[in-house]
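Peer 1: Just one file: model_32.txt, with compact mmCIF, N, CA and C atoms.
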```
# COMPACT_ATOMS: atom_id res chain seq x y z
N MET N 1 79.69 82.50 107.38
CA MET N 1 80.92 82.59 108.14
C MET N 1 82.10 82.37 107.23
N GLY N 2 83.14 83.11 107.46
CA GLY N 2 84.33 83.00 106.64
C GLY N 2 85.31 81.99 107.18
N ILE N 3 86.35 81.75 106.39
CA ILE N 3 87.42 80.85 106.82
C ILE N 3 88.20 81.57 107.90
N ALA N 4 88.50 80.84 108.97
CA ALA N 4 89.14 81.46 110.12
C ALA N 4 90.65 81.32 110.06
N GLY N 5 91.30 82.23 110.75
CA GLY N 5 92.74 82.13 110.92
C GLY N 5 93.50 82.71 109.74
N TYR N 6 94.80 82.71 109.88
CA TYR N 6 95.65 83.33 108.89
C TYR N 6 96.49 82.30 108.14
N SER N 7 96.41 81.04 108.54
CA SER N 7 97.30 80.04 107.97
C SER N 7 96.90 79.62 106.57
N GLY N 8 95.64 79.76 106.24
CA GLY N 8 95.16 79.26 104.96
C GLY N 8 94.96 77.75 104.95
N THR N 9 95.23 77.10 106.08
CA THR N 9 95.06 75.66 106.20
C THR N 9 93.57 75.34 106.25
N PRO N 10 93.10 74.41 105.41
CA PRO N 10 91.68 74.04 105.46
C PRO N 10 91.30 73.50 106.84
N LEU N 11 90.09 73.82 107.26
CA LEU N 11 89.60 73.40 108.57
C LEU N 11 89.68 71.89 108.74
N LEU N 12 89.36 71.14 107.71
CA LEU N 12 89.42 69.68 107.76
C LEU N 12 90.79 69.21 108.23
N HIS N 13 91.84 69.83 107.72
CA HIS N 13 93.21 69.45 108.10
C HIS N 13 93.56 69.96 109.50
N LYS N 14 93.11 71.16 109.84
CA LYS N 14 93.36 71.68 111.19
C LYS N 14 92.81 70.72 112.23
N LEU N 15 91.62 70.18 111.95
CA LEU N 15 90.95 69.30 112.92
C LEU N 15 91.47 67.87 112.88
N GLY N 16 92.25 67.55 111.85
CA GLY N 16 92.81 66.20 111.75
C GLY N 16 91.82 65.15 111.28
N ILE N 17 90.79 65.57 110.58
CA ILE N 17 89.78 64.63 110.09
C ILE N 17 90.31 63.98 108.81
N LYS N 18 90.43 62.65 108.87
CA LYS N 18 90.90 61.87 107.72
C LYS N 18 89.73 61.08 107.15
N PRO N 19 89.86 60.55 105.93
CA PRO N 19 88.76 59.78 105.33
C PRO N 19 88.32 58.57 106.17
N SER N 20 89.21 58.05 107.01
CA SER N 20 88.86 56.89 107.84
C SER N 20 88.31 57.27 109.21
N SER N 21 88.31 58.56 109.55
CA SER N 21 87.88 59.01 110.88
C SER N 21 86.37 58.86 111.07
N LYS N 22 85.98 58.33 112.23
CA LYS N 22 84.58 58.35 112.66
C LYS N 22 84.42 59.62 113.49
N VAL N 23 83.42 60.43 113.13
CA VAL N 23 83.28 61.75 113.73
C VAL N 23 81.92 61.88 114.42
N LEU N 24 81.96 62.39 115.65
CA LEU N 24 80.75 62.71 116.40
C LEU N 24 80.65 64.22 116.52
N LEU N 25 79.57 64.78 116.03
CA LEU N 25 79.33 66.22 116.13
C LEU N 25 78.26 66.48 117.19
N ILE N 26 78.52 67.47 118.04
CA ILE N 26 77.57 67.82 119.09
C ILE N 26 77.33 69.32 119.04
N ASN N 27 76.07 69.71 118.83
CA ASN N 27 75.65 71.12 118.81
C ASN N 27 76.36 71.93 117.73
N GLN N 28 76.72 71.31 116.62
CA GLN N 28 77.43 72.01 115.56
C GLN N 28 76.54 73.07 114.92
N PRO N 29 77.15 74.16 114.44
CA PRO N 29 76.36 75.18 113.76
C PRO N 29 75.83 74.65 112.43
N ASP N 30 74.79 75.27 111.95
CA ASP N 30 74.14 74.82 110.71
C ASP N 30 75.09 74.80 109.52
N ASP N 31 76.07 75.67 109.50
CA ASP N 31 76.97 75.75 108.36
C ASP N 31 78.26 74.94 108.54
N TYR N 32 78.27 74.01 109.48
CA TYR N 32 79.49 73.26 109.79
C TYR N 32 80.07 72.54 108.57
N LEU N 33 79.23 71.83 107.83
CA LEU N 33 79.76 71.07 106.69
C LEU N 33 80.31 72.00 105.62
N SER N 34 79.73 73.17 105.46
CA SER N 34 80.29 74.11 104.49
C SER N 34 81.61 74.70 105.00
N LEU N 35 81.76 74.87 106.32
CA LEU N 35 83.03 75.31 106.87
C LEU N 35 84.13 74.30 106.59
N LEU N 36 83.77 73.01 106.68
CA LEU N 36 84.74 71.96 106.40
C LEU N 36 85.07 71.88 104.92
N ASN N 37 84.10 72.26 104.10
CA ASN N 37 84.25 72.13 102.65
C ASN N 37 84.53 70.67 102.27
N TYR N 38 83.76 69.77 102.91
CA TYR N 38 83.98 68.33 102.76
C TYR N 38 82.68 67.63 103.14
N ASP N 39 82.34 66.59 102.41
CA ASP N 39 81.14 65.82 102.72
C ASP N 39 81.47 64.76 103.76
N LEU N 40 81.13 65.05 104.98
CA LEU N 40 81.46 64.22 106.13
C LEU N 40 80.35 63.22 106.46
N LYS N 41 79.25 63.28 105.76
CA LYS N 41 78.05 62.53 106.14
C LYS N 41 78.29 61.03 106.33
N ASN N 42 79.13 60.41 105.50
CA ASN N 42 79.39 58.97 105.62
C ASN N 42 80.33 58.63 106.78
N GLN N 43 80.91 59.63 107.39
CA GLN N 43 81.83 59.41 108.50
C GLN N 43 81.21 59.73 109.87
N LEU N 44 80.00 60.24 109.86
CA LEU N 44 79.35 60.59 111.13
C LEU N 44 79.00 59.33 111.90
N CYS N 45 79.22 59.37 113.20
CA CYS N 45 78.97 58.22 114.06
C CYS N 45 77.50 57.87 114.12
N LYS N 46 77.27 56.58 114.11
CA LYS N 46 75.93 56.07 114.38
C LYS N 46 75.87 55.78 115.88
N ALA N 47 74.70 55.43 116.38
CA ALA N 47 74.50 55.28 117.83
C ALA N 47 75.49 54.32 118.47
N THR N 48 75.87 53.26 117.78
CA THR N 48 76.76 52.25 118.39
C THR N 48 78.23 52.48 118.09
N ASP N 49 78.56 53.46 117.26
CA ASP N 49 79.96 53.73 116.91
C ASP N 49 80.70 54.43 118.04
N VAL N 50 81.99 54.16 118.11
CA VAL N 50 82.88 54.89 119.02
C VAL N 50 83.69 55.85 118.15
N PRO N 51 83.59 57.14 118.41
CA PRO N 51 84.25 58.11 117.54
C PRO N 51 85.77 58.15 117.71
N ASP N 52 86.43 58.59 116.63
CA ASP N 52 87.85 58.92 116.67
C ASP N 52 88.03 60.39 117.00
N ILE N 53 87.06 61.19 116.52
CA ILE N 53 87.09 62.64 116.72
C ILE N 53 85.70 63.10 117.15
N VAL N 54 85.66 63.92 118.18
CA VAL N 54 84.42 64.57 118.62
C VAL N 54 84.61 66.06 118.42
N HIS N 55 83.61 66.71 117.86
CA HIS N 55 83.64 68.17 117.80
C HIS N 55 82.41 68.68 118.53
N LEU N 56 82.66 69.28 119.68
CA LEU N 56 81.63 69.78 120.59
C LEU N 56 81.60 71.30 120.53
N PHE N 57 80.42 71.85 120.27
CA PHE N 57 80.23 73.30 120.27
C PHE N 57 79.41 73.67 121.50
N VAL N 58 79.91 74.64 122.27
CA VAL N 58 79.21 75.04 123.49
C VAL N 58 79.07 76.55 123.58
N LYS N 59 77.96 76.96 124.20
CA LYS N 59 77.67 78.38 124.38
C LYS N 59 77.73 78.78 125.84
N SER N 60 77.80 77.80 126.75
CA SER N 60 77.88 78.10 128.18
C SER N 60 78.78 77.06 128.86
N ILE N 61 79.37 77.46 129.96
CA ILE N 61 80.26 76.54 130.68
C ILE N 61 79.46 75.38 131.28
N SER N 62 78.22 75.63 131.68
CA SER N 62 77.40 74.53 132.24
C SER N 62 77.11 73.49 131.16
N LYS N 63 76.85 73.92 129.94
CA LYS N 63 76.62 72.98 128.83
C LYS N 63 77.91 72.22 128.50
N PHE N 64 79.04 72.92 128.52
CA PHE N 64 80.33 72.27 128.31
C PHE N 64 80.54 71.15 129.31
N GLU N 65 80.37 71.46 130.60
CA GLU N 65 80.59 70.47 131.64
C GLU N 65 79.64 69.28 131.50
N ALA N 66 78.39 69.54 131.18
CA ALA N 66 77.41 68.46 131.01
C ALA N 66 77.77 67.57 129.82
N GLU N 67 78.13 68.17 128.71
CA GLU N 67 78.49 67.38 127.52
C GLU N 67 79.78 66.59 127.75
N MET N 68 80.74 67.18 128.42
CA MET N 68 81.98 66.45 128.70
C MET N 68 81.72 65.27 129.63
N LYS N 69 80.82 65.44 130.59
CA LYS N 69 80.44 64.32 131.45
C LYS N 69 79.83 63.20 130.62
N ASN N 70 79.00 63.55 129.64
CA ASN N 70 78.39 62.56 128.76
C ASN N 70 79.42 61.85 127.89
N LEU N 71 80.56 62.49 127.65
CA LEU N 71 81.61 61.91 126.80
C LEU N 71 82.56 60.99 127.55
N LYS N 72 82.47 60.92 128.87
CA LYS N 72 83.39 60.07 129.64
C LYS N 72 83.37 58.61 129.19
N PRO N 73 82.20 58.01 128.88
CA PRO N 73 82.22 56.62 128.38
C PRO N 73 82.96 56.50 127.04
N VAL N 74 82.87 57.50 126.20
CA VAL N 74 83.59 57.49 124.91
C VAL N 74 85.09 57.48 125.17
N ILE N 75 85.53 58.30 126.10
CA ILE N 75 86.95 58.39 126.43
C ILE N 75 87.45 57.05 126.99
N ARG N 76 86.62 56.39 127.81
CA ARG N 76 87.01 55.08 128.35
C ARG N 76 87.12 54.04 127.23
N LYS N 77 86.19 54.07 126.28
CA LYS N 77 86.20 53.10 125.18
C LYS N 77 87.32 53.37 124.18
N ASN N 78 87.64 54.64 123.97
CA ASN N 78 88.68 55.01 123.01
C ASN N 78 89.56 56.10 123.62
N PRO N 79 90.60 55.70 124.37
CA PRO N 79 91.46 56.70 125.01
C PRO N 79 92.30 57.53 124.03
N THR N 80 92.27 57.17 122.75
CA THR N 80 92.98 57.98 121.75
C THR N 80 92.05 58.99 121.07
N VAL N 81 90.82 59.08 121.55
CA VAL N 81 89.85 60.01 120.95
C VAL N 81 90.37 61.45 121.04
N VAL N 82 90.08 62.21 120.01
CA VAL N 82 90.38 63.65 119.99
C VAL N 82 89.06 64.38 120.21
N ILE N 83 89.05 65.28 121.18
CA ILE N 83 87.85 66.07 121.45
C ILE N 83 88.17 67.54 121.17
N TRP N 84 87.53 68.07 120.15
CA TRP N 84 87.63 69.50 119.87
C TRP N 84 86.46 70.18 120.55
N VAL N 85 86.77 71.18 121.36
CA VAL N 85 85.73 71.98 122.01
C VAL N 85 85.76 73.37 121.37
N SER N 86 84.62 73.80 120.86
CA SER N 86 84.54 75.12 120.25
C SER N 86 83.59 76.01 121.05
N TRP N 87 83.97 77.28 121.16
CA TRP N 87 83.19 78.29 121.88
C TRP N 87 83.29 79.59 121.09
N TYR N 88 82.41 80.52 121.40
CA TYR N 88 82.42 81.80 120.70
C TYR N 88 83.70 82.58 120.98
N LYS N 89 84.31 83.08 119.92
CA LYS N 89 85.47 83.96 120.07
C LYS N 89 85.04 85.27 120.73
N LYS N 90 85.95 85.88 121.46
CA LYS N 90 85.65 87.20 122.03
C LYS N 90 85.32 88.20 120.94
N ALA N 91 86.02 88.12 119.82
CA ALA N 91 85.82 89.06 118.72
C ALA N 91 84.44 88.93 118.08
N ALA N 92 83.78 87.79 118.31
CA ALA N 92 82.44 87.58 117.74
C ALA N 92 81.40 88.45 118.44
N LYS N 93 81.73 88.93 119.64
CA LYS N 93 80.82 89.80 120.40
C LYS N 93 79.48 89.12 120.70
N ILE N 94 79.53 87.79 120.90
CA ILE N 94 78.35 87.02 121.26
C ILE N 94 78.51 86.63 122.73
N PRO N 95 77.54 86.94 123.56
CA PRO N 95 77.70 86.65 125.00
C PRO N 95 77.91 85.15 125.27
N THR N 96 78.93 84.87 126.09
CA THR N 96 79.22 83.50 126.54
C THR N 96 80.08 83.59 127.79
N ASP N 97 79.96 82.58 128.63
CA ASP N 97 80.84 82.51 129.80
C ASP N 97 81.97 81.50 129.60
N VAL N 98 82.09 80.97 128.38
CA VAL N 98 83.12 79.99 128.07
C VAL N 98 84.39 80.70 127.61
N THR N 99 85.52 80.27 128.17
CA THR N 99 86.81 80.77 127.74
C THR N 99 87.77 79.60 127.57
N GLU N 100 88.83 79.85 126.82
CA GLU N 100 89.87 78.84 126.65
C GLU N 100 90.43 78.41 128.00
N ASP N 101 90.65 79.35 128.89
CA ASP N 101 91.22 79.04 130.21
C ASP N 101 90.30 78.14 131.03
N LEU N 102 88.98 78.39 130.97
CA LEU N 102 88.03 77.54 131.72
C LEU N 102 88.00 76.13 131.15
N ILE N 103 88.04 76.00 129.83
CA ILE N 103 88.06 74.67 129.21
C ILE N 103 89.34 73.94 129.61
N ARG N 104 90.47 74.62 129.53
CA ARG N 104 91.75 74.01 129.88
C ARG N 104 91.77 73.57 131.34
N ALA N 105 91.30 74.41 132.24
CA ALA N 105 91.30 74.08 133.66
C ALA N 105 90.43 72.86 133.93
N TRP N 106 89.25 72.80 133.30
CA TRP N 106 88.38 71.63 133.47
C TRP N 106 89.07 70.39 132.94
N ALA N 107 89.69 70.50 131.78
CA ALA N 107 90.37 69.36 131.17
C ALA N 107 91.45 68.80 132.09
N LEU N 108 92.28 69.68 132.62
CA LEU N 108 93.37 69.22 133.48
C LEU N 108 92.87 68.52 134.73
N LYS N 109 91.75 68.99 135.27
CA LYS N 109 91.16 68.34 136.46
C LYS N 109 90.52 67.00 136.12
N ASN N 110 90.31 66.73 134.82
CA ASN N 110 89.61 65.53 134.40
C ASN N 110 90.45 64.65 133.48
N ASN N 111 91.76 64.66 133.72
CA ASN N 111 92.71 63.76 133.04
C ASN N 111 92.77 63.95 131.53
N LEU N 112 92.61 65.18 131.08
CA LEU N 112 92.78 65.53 129.67
C LEU N 112 93.79 66.68 129.59
N VAL N 113 94.41 66.82 128.43
CA VAL N 113 95.30 67.95 128.20
C VAL N 113 94.94 68.60 126.88
N ASP N 114 95.23 69.90 126.78
CA ASP N 114 95.01 70.58 125.50
C ASP N 114 96.32 70.59 124.75
N VAL N 115 96.22 70.34 123.44
CA VAL N 115 97.44 70.23 122.63
C VAL N 115 97.44 71.16 121.42
N LYS N 116 96.32 71.83 121.14
CA LYS N 116 96.26 72.69 119.96
C LYS N 116 95.05 73.61 120.09
N VAL N 117 95.20 74.79 119.54
CA VAL N 117 94.08 75.72 119.44
C VAL N 117 93.98 76.16 117.99
N CYS N 118 92.78 76.39 117.52
CA CYS N 118 92.63 76.87 116.14
C CYS N 118 91.36 77.69 115.99
N GLY N 119 91.36 78.51 114.96
CA GLY N 119 90.15 79.21 114.57
C GLY N 119 89.31 78.28 113.72
N VAL N 120 88.07 78.07 114.12
CA VAL N 120 87.17 77.20 113.37
C VAL N 120 86.41 78.03 112.33
N SER N 121 86.02 79.22 112.71
CA SER N 121 85.34 80.14 111.79
C SER N 121 85.59 81.55 112.31
N ASP N 122 84.94 82.52 111.73
CA ASP N 122 85.09 83.88 112.24
C ASP N 122 84.33 84.08 113.55
N VAL N 123 83.56 83.08 113.96
CA VAL N 123 82.77 83.15 115.19
C VAL N 123 83.27 82.17 116.25
N TRP N 124 83.80 81.02 115.83
CA TRP N 124 84.15 79.93 116.74
C TRP N 124 85.66 79.72 116.84
N SER N 125 86.14 79.52 118.08
CA SER N 125 87.50 79.04 118.35
C SER N 125 87.41 77.56 118.69
N GLY N 126 88.53 76.88 118.64
CA GLY N 126 88.54 75.46 119.01
C GLY N 126 89.77 75.10 119.80
N LEU N 127 89.60 74.23 120.80
CA LEU N 127 90.70 73.72 121.61
C LEU N 127 90.66 72.20 121.54
N LYS N 128 91.80 71.61 121.19
CA LYS N 128 91.92 70.15 121.03
C LYS N 128 92.32 69.53 122.36
N LEU N 129 91.48 68.61 122.84
CA LEU N 129 91.75 67.90 124.10
C LEU N 129 92.01 66.43 123.81
N VAL N 130 92.98 65.86 124.53
CA VAL N 130 93.30 64.44 124.41
C VAL N 130 93.65 63.88 125.78
N VAL N 131 93.61 62.55 125.88
CA VAL N 131 94.11 61.87 127.07
C VAL N 131 95.63 61.86 126.96
N PRO N 132 96.35 62.24 128.02
CA PRO N 132 97.81 62.21 127.95
C PRO N 132 98.31 60.79 127.65
N LEU N 133 99.41 60.70 126.90
CA LEU N 133 99.95 59.39 126.52
C LEU N 133 100.15 58.48 127.72
N ALA N 134 100.64 59.01 128.81
CA ALA N 134 100.94 58.20 130.00
C ALA N 134 99.67 57.61 130.63
N LYS N 135 98.51 58.17 130.32
CA LYS N 135 97.26 57.69 130.93
C LYS N 135 96.43 56.85 129.98
N ARG N 136 96.92 56.63 128.76
CA ARG N 136 96.20 55.78 127.81
C ARG N 136 96.49 54.33 128.11
N LYS N 137 95.45 53.50 128.06
CA LYS N 137 95.65 52.07 128.36
C LYS N 137 95.40 51.24 127.14
```
Could you rewrite the structure in this file as structure tokens?

Peer 2:
Amino acid sequence: MGIAGYSGTPLLHKLGIKPSSKVLLINQPDDYLSLLNYDLKNQLCKATDVPDIVHLFVKSISKFEAEMKNLKPVIRKNPTVVIWVSWYKKAAKIPTDVTEDLIRAWALKNNLVDVKVCGVSDVWSGLKLVVPLAKRK
């Protein structure tokens, strides 16, 4: 997979991953670390860690909804968590029922807002979800 987008900005920076970030990856593609062009292994969450950044890859809306339900305890523990949701781009011509609009609609119904979209690769898009400032405790 090639570098996505036209900005030339490295994916690591697009996603906001810093050296101090604890990262939880869910269903990531096999080439994820090469897409980042960064060794993230020491920053990956262990079972008891609360992530700063979650990157969730989904191929169906039912899987998206199930994984987001599983992330609700993470959101409660860390209301500043950033959740990137990635789905197949239309241009990838890979069948999926996931769209940016469906992710956004689900987020708004579940006290999250989208604040950024980016190309993750030539196959994956990403939408950044966060808890609105007014709802963080």

Peer 1: I'd like the interatomic distance between atom CA of Ala105 of chain N and atom CA of Lys77 of chain N, to a tenth of an Å.

Peer 2: 23.2 Å

Peer 1: Can you tell me how far atom N of Ser20 of chain N sits from atom C of Leu71 of chain N, in Å to one decimal?

Peer 2: 21.8 Å

Peer 1: Determine, counting only N, CA and C atoms, which protein, DNA and RNA residues have an atom within 7 Å of an atom of Thr80 of chain N; residues of the same chain fewer than 6 positions away are not included. Present the result as a PDB file with N, CA and C atoms, in the frame of the given file.

Peer 2:
```pdb
ATOM      1  N   ASP N  52      86.430  58.590 116.630  1.00  0.00           N
ATOM      2  CA  ASP N  52      87.850  58.920 116.670  1.00  0.00           C
ATOM      3  C   ASP N  52      88.030  60.390 117.000  1.00  0.00           C
ATOM      4  N   VAL N 130      92.980  65.860 124.530  1.00  0.00           N
ATOM      5  CA  VAL N 130      93.300  64.440 124.410  1.00  0.00           C
ATOM      6  C   VAL N 130      93.650  63.880 125.780  1.00  0.00           C
ATOM      7  N   VAL N 131      93.610  62.550 125.880  1.00  0.00           N
ATOM      8  CA  VAL N 131      94.110  61.870 127.070  1.00  0.00           C
ATOM      9  C   VAL N 131      95.630  61.860 126.960  1.00  0.00           C
ATOM     10  N   ARG N 136      96.920  56.630 128.760  1.00  0.00           N
ATOM     11  CA  ARG N 136      96.200  55.780 127.810  1.00  0.00           C
ATOM     12  C   ARG N 136      96.490  54.330 128.110  1.00  0.00           C
TER      13      ARG N 136
END
```

Peer 1: In Å, rounded to a single decimal, give me how far atom CA of His55 of chain N is from atom CA of Arg76 of chain N.

Peer 2: 17.1 Å

Peer 1: Closest to Asp39 of chain N among N:Arg104, N:Lys128, N:Lys59, N:Lys18, using only C-alpha atoms?

Peer 2: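 Nearest to Asp39 of chain N: N:Lys18.
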
Peer 1: Skipping near chain neighbours, those fewer than 5 positions away, what residues fall within 12 Å of Leu35 of chain N using only C-alpha atoms, listed as a list in words?

Peer 2: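 In the requested form, the answer reads Met1, Gly2, Ile3, Ala4, Pro10, Leu11, Leu12, His13, Lys14, Leu15, Gln28, Pro29, Asp30, Leu40, Gly119, Val120, Ser121, Asp122, Val123 and Trp124 of chain N.
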
Peer 1: Write out as number ranges by chain all residues of segment 16-136 of chain N that backbone DSSP assigns to strand (DSSP E or B).

Peer 2: N: 23-26, 44, 53-57, 82-88, 113-119, 124-130

Peer 1: Find the residue from N:Trp84, N:Val117, N:Lys90, N:Pro79 that sits nearest to Pro132 of chain N; use only C-alpha atoms when measuring.

Peer 2: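 Closest to Pro132 of chain N of all the choices is N:Pro79.
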
Peer 1: Using only N, CA and C atoms, list the residues that have an atom at most 8 Å from (86.6, 73.1, 120.3), coordinates as in the file, as JSON, numbers by chain.

Peer 2: {"N": [54, 55, 56, 57, 58, 83, 84, 85, 86, 87, 117, 118, 124, 125, 126, 127, 128, 129]}

Peer 1: Keeping only N, CA and C atoms, write those residues as a PDB file, keeping the file's coordinate frame.

Peer 2:
```
ATOM      1  N   VAL N  54      85.660  63.920 118.180  1.00  0.00           N
ATOM      2  CA  VAL N  54      84.420  64.570 118.620  1.00  0.00           C
ATOM      3  C   VAL N  54      84.610  66.060 118.420  1.00  0.00           C
ATOM      4  N   HIS N  55      83.610  66.710 117.860  1.00  0.00           N
ATOM      5  CA  HIS N  55      83.640  68.170 117.800  1.00  0.00           C
ATOM      6  C   HIS N  55      82.410  68.680 118.530  1.00  0.00           C
ATOM      7  N   LEU N  56      82.660  69.280 119.680  1.00  0.00           N
ATOM      8  CA  LEU N  56      81.630  69.780 120.590  1.00  0.00           C
ATOM      9  C   LEU N  56      81.600  71.300 120.530  1.00  0.00           C
ATOM     10  N   PHE N  57      80.420  71.850 120.270  1.00  0.00           N
ATOM     11  CA  PHE N  57      80.230  73.300 120.270  1.00  0.00           C
ATOM     12  C   PHE N  57      79.410  73.670 121.500  1.00  0.00           C
ATOM     13  N   VAL N  58      79.910  74.640 122.270  1.00  0.00           N
ATOM     14  CA  VAL N  58      79.210  75.040 123.490  1.00  0.00           C
ATOM     15  C   VAL N  58      79.070  76.550 123.580  1.00  0.00           C
ATOM     16  N   ILE N  83      89.050  65.280 121.180  1.00  0.00           N
ATOM     17  CA  ILE N  83      87.850  66.070 121.450  1.00  0.00           C
ATOM     18  C   ILE N  83      88.170  67.540 121.170  1.00  0.00           C
ATOM     19  N   TRP N  84      87.530  68.070 120.150  1.00  0.00           N
ATOM     20  CA  TRP N  84      87.630  69.500 119.870  1.00  0.00           C
ATOM     21  C   TRP N  84      86.460  70.180 120.550  1.00  0.00           C
ATOM     22  N   VAL N  85      86.770  71.180 121.360  1.00  0.00           N
ATOM     23  CA  VAL N  85      85.730  71.980 122.010  1.00  0.00           C
ATOM     24  C   VAL N  85      85.760  73.370 121.370  1.00  0.00           C
ATOM     25  N   SER N  86      84.620  73.800 120.860  1.00  0.00           N
ATOM     26  CA  SER N  86      84.540  75.120 120.250  1.00  0.00           C
ATOM     27  C   SER N  86      83.590  76.010 121.050  1.00  0.00           C
ATOM     28  N   TRP N  87      83.970  77.280 121.160  1.00  0.00           N
ATOM     29  CA  TRP N  87      83.190  78.290 121.880  1.00  0.00           C
ATOM     30  C   TRP N  87      83.290  79.590 121.090  1.00  0.00           C
ATOM     31  N   VAL N 117      95.200  74.790 119.540  1.00  0.00           N
ATOM     32  CA  VAL N 117      94.080  75.720 119.440  1.00  0.00           C
ATOM     33  C   VAL N 117      93.980  76.160 117.990  1.00  0.00           C
ATOM     34  N   CYS N 118      92.780  76.390 117.520  1.00  0.00           N
ATOM     35  CA  CYS N 118      92.630  76.870 116.140  1.00  0.00           C
ATOM     36  C   CYS N 118      91.360  77.690 115.990  1.00  0.00           C
ATOM     37  N   TRP N 124      83.800  81.020 115.830  1.00  0.00           N
ATOM     38  CA  TRP N 124      84.150  79.930 116.740  1.00  0.00           C
ATOM     39  C   TRP N 124      85.660  79.720 116.840  1.00  0.00           C
ATOM     40  N   SER N 125      86.140  79.520 118.080  1.00  0.00           N
ATOM     41  CA  SER N 125      87.500  79.040 118.350  1.00  0.00           C
ATOM     42  C   SER N 125      87.410  77.560 118.690  1.00  0.00           C
ATOM     43  N   GLY N 126      88.530  76.880 118.640  1.00  0.00           N
ATOM     44  CA  GLY N 126      88.540  75.460 119.010  1.00  0.00           C
ATOM     45  C   GLY N 126      89.770  75.100 119.800  1.00  0.00           C
ATOM     46  N   LEU N 127      89.600  74.230 120.800  1.00  0.00           N
ATOM     47  CA  LEU N 127      90.700  73.720 121.610  1.00  0.00           C
ATOM     48  C   LEU N 127      90.660  72.200 121.540  1.00  0.00           C
ATOM     49  N   LYS N 128      91.800  71.610 121.190  1.00  0.00           N
ATOM     50  CA  LYS N 128      91.920  70.150 121.030  1.00  0.00           C
ATOM     51  C   LYS N 128      92.320  69.530 122.360  1.00  0.00           C
ATOM     52  N   LEU N 129      91.480  68.610 122.840  1.00  0.00           N
ATOM     53  CA  LEU N 129      91.750  67.900 124.100  1.00  0.00           C
ATOM     54  C   LEU N 129      92.010  66.430 123.810  1.00  0.00           C
TER      55      LEU N 129
END
```
